[in-house]
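Below is one structure, written out as structure tokens; comments come after it.
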2 protein chains.
Amino acid sequence: MKIEYEVLKFIKKYDMYEDGDRILLGVSGGRDSMVMLDILHKLKDNLGISLGVAHFNHSLRETSDEEELFVKSECRKRSLPFYSKKEDVKKYALENKIGIEEAARELRYNFFNELLEAKRYDKIAIAHYSKDLSETVIYRLVKGTGILGIGGILPIYKNVTRPILSLNFEILEKYVTINNVKYIVDESNFDTKYIRNKIRHEILPKFHEINEQYEDAIFRFAEITWEYRKYLEVIYNERVKIEGNIYKILIKKDFLDKEILRMIFLNLGQFPPSKLEVEKILSMKSKGKRKINNLFLEKEKNMLYISKEVNTLGGE
Amino acid sequence: MKIEYEVLKFIKKYDMYEDGDRILLGVSGGRDSMVMLDILHKLKDNLGISLGVAHFNHSLRETSDEEELFVKSECRKRSLPFYSKKEDVKKYALENKIGIEEAARELRYNFFNELLEAKRYDKIAIAHYSKDLSETVIYRLVKGTGILGIGGILPIYKNVTRPILSLNFEILEKYVTINNVKYIVDESNFDTKYIRNKIRHEILPKFHEINEQYEDAIFRFAEITWEYRKYLEVIYNERVKIEGNIYKILIKKDFLDKEILRMIFLNLGQFPPSKLEVEKILSMKSKGKRKINNLFLEKEKNMLYISKEVNTLGGE
């Protein structure tokens, strides 16, 4: 029960699930999602949760339908509800002028969220593990990020949970061997993202040459940033009041002003402004105004007001 | 004055130098240190500082003595005091059973610190730039680190300053071209460090393929962690009292407890304990004791005592 126990501890540490939660697992049929399925199935009674499985059929390979049948039969074996949807990802990508990977992601999450509502599930579980985390940490670091961003993928964010995020490659391999978990091998052949591939296949192997435990090292680093985020959320709740559409922030002239400002942008579904822009916003004089994307910012004494509409003070 | 101005702004932002400071520049004669020498020489009157140059002759190449003469003549051109010392690094490395790079570093810093005392210099200036910073960020991330550690090289730490840390590769190249700065090309041929070389020559070029401005992206990320460190130092001073050899920490049961504990280890010249160890220390019950390396830790109600000696409470 060693590996299952590690997952259980991780789930409890981050309060991922509550007693009675109905969890919808996103399962492609690949190794990672089959490990997640197998482990959560073993842990569900202990956690007091019930499971359902959602499989999105991307129609991207000749074997797509076989893969769907494989996941279906694995669910039947475990007496788990199975849902699937088939869509033409290529067509959707062309129509919307986006990449295949982005189209697949969009359609997949649409399907998950439809199910969440229709079948009354509480949370989604995604099978990201620590190599995915490492990849995201490097991606963000190289592209530009802050302390909140570098932690990459979070164990729980809104209704998305990642119960096997703490497992590394070796542990996944060990788990499928010991437990004879069946899975589809060529899962992510359609991952055409140039940068992600470069990180995964050219950079991470070099990290492995430097430190065979690099996934764990990066995982522990990310955990520290998650703890930091949790600390920041407490301060955020002390300093930020939301009234209608307006975020009112008490400016204390310390470093946390900047972090709270970034967090508000994230909470509004936007990328935080550049470091320079953040500094400009916070150094505005009283009555100063700025517009960033579709957000309006206004300073009034030691308060900063952020809203999606023009007249932040007094309304229209 | 564009590039010089950027350096001036960076020096002022981090309060690197005070009016009247005597700064000792470590100059190998390579591109980076010659750029630092040239820029600080132009800025010295503006900053109100005076300069001296220290060249450590590693005796590692046939050209070592020529290099020393080159730096000496560049100093004479600018009427700057020049100091040099020649030592047999290879011999020292063998005798002390350490690597060439480590031996060179040790002897070089010994020489700088001797000069600091003998010639009454206030601070040392080292020519690390943003690629060195990127290298250190990756090195630490892959080996294991926290938010305090990932920021890598600091602009100012104790008496060591890094005035050109914000400059990237392209800017350095531009500066030497525009200003016709002479330098020795094969400066770091003796850098035999396997991991550093792998990062610099195999990993960073891949970062460059993903984002040509990756050095700046990592620099800005590091800056956020430096600001965070500054914030933490304020909290540190509120919660930590030092009496004799004993660090007394007020435990508030928040995330910052952990960060302050790590900072104390750093201030005592030690690596912070592992994440798990930090958690164990802070979850000790009252009267609980632990020993880590040569440090003794003792919990007493909401206080944690750390010292290098056995009897933390009451003393010998």
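Note on naming: chains are A, B, ... as they come in the structure tokens, residues start from 1 per chain, ligands start from 1 in the order shown.
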- Task: Enumerate, as a ChimeraX atom specification, the complete set of residues in range 54-254 of chain B that a backbone-based DSSP assignment places in strand (DSSP E).
- Result: /B:54-57,82-86,123-125,156-157,160-161,240-243,246-250
- Item | Interface residues on chain B facing chain A, 10 Å, only C-alpha atoms, written as a PyMOL selection string | chain B and resi 134+137-147+149-150+194-196+198-199+202-204+206-225+227-232+254-256+258-259+274-276
- Item | Distance in Å - CA of Gly48 in chain B versus CA of Cys75 in chain B |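 If I compute the distance from CA of Gly48 in chain B to CA of Cys75 in chain B, I get 18.9 Å.
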- Query: What are the DSSP helix (DSSP H, G or I) residues of range 102-277 of chain B, as a ChimeraX atom specification?
  - Reply: /B:102-118,130-143,147-150,169-179,194-210,214-239,255-267,275-277
- Message: To one decimal place in Å, what is the distance between CA of Asp65 in chain B and CA of Lys119 in chain B?
- Response: 23.5 Å
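The shortest atom-to-atom distance to Lys158 in chain A, with only C-alpha atoms taken into account, belongs to A:Asn267 out of A:Asn267, A:Ser28, A:Thr177, A:Asn237.
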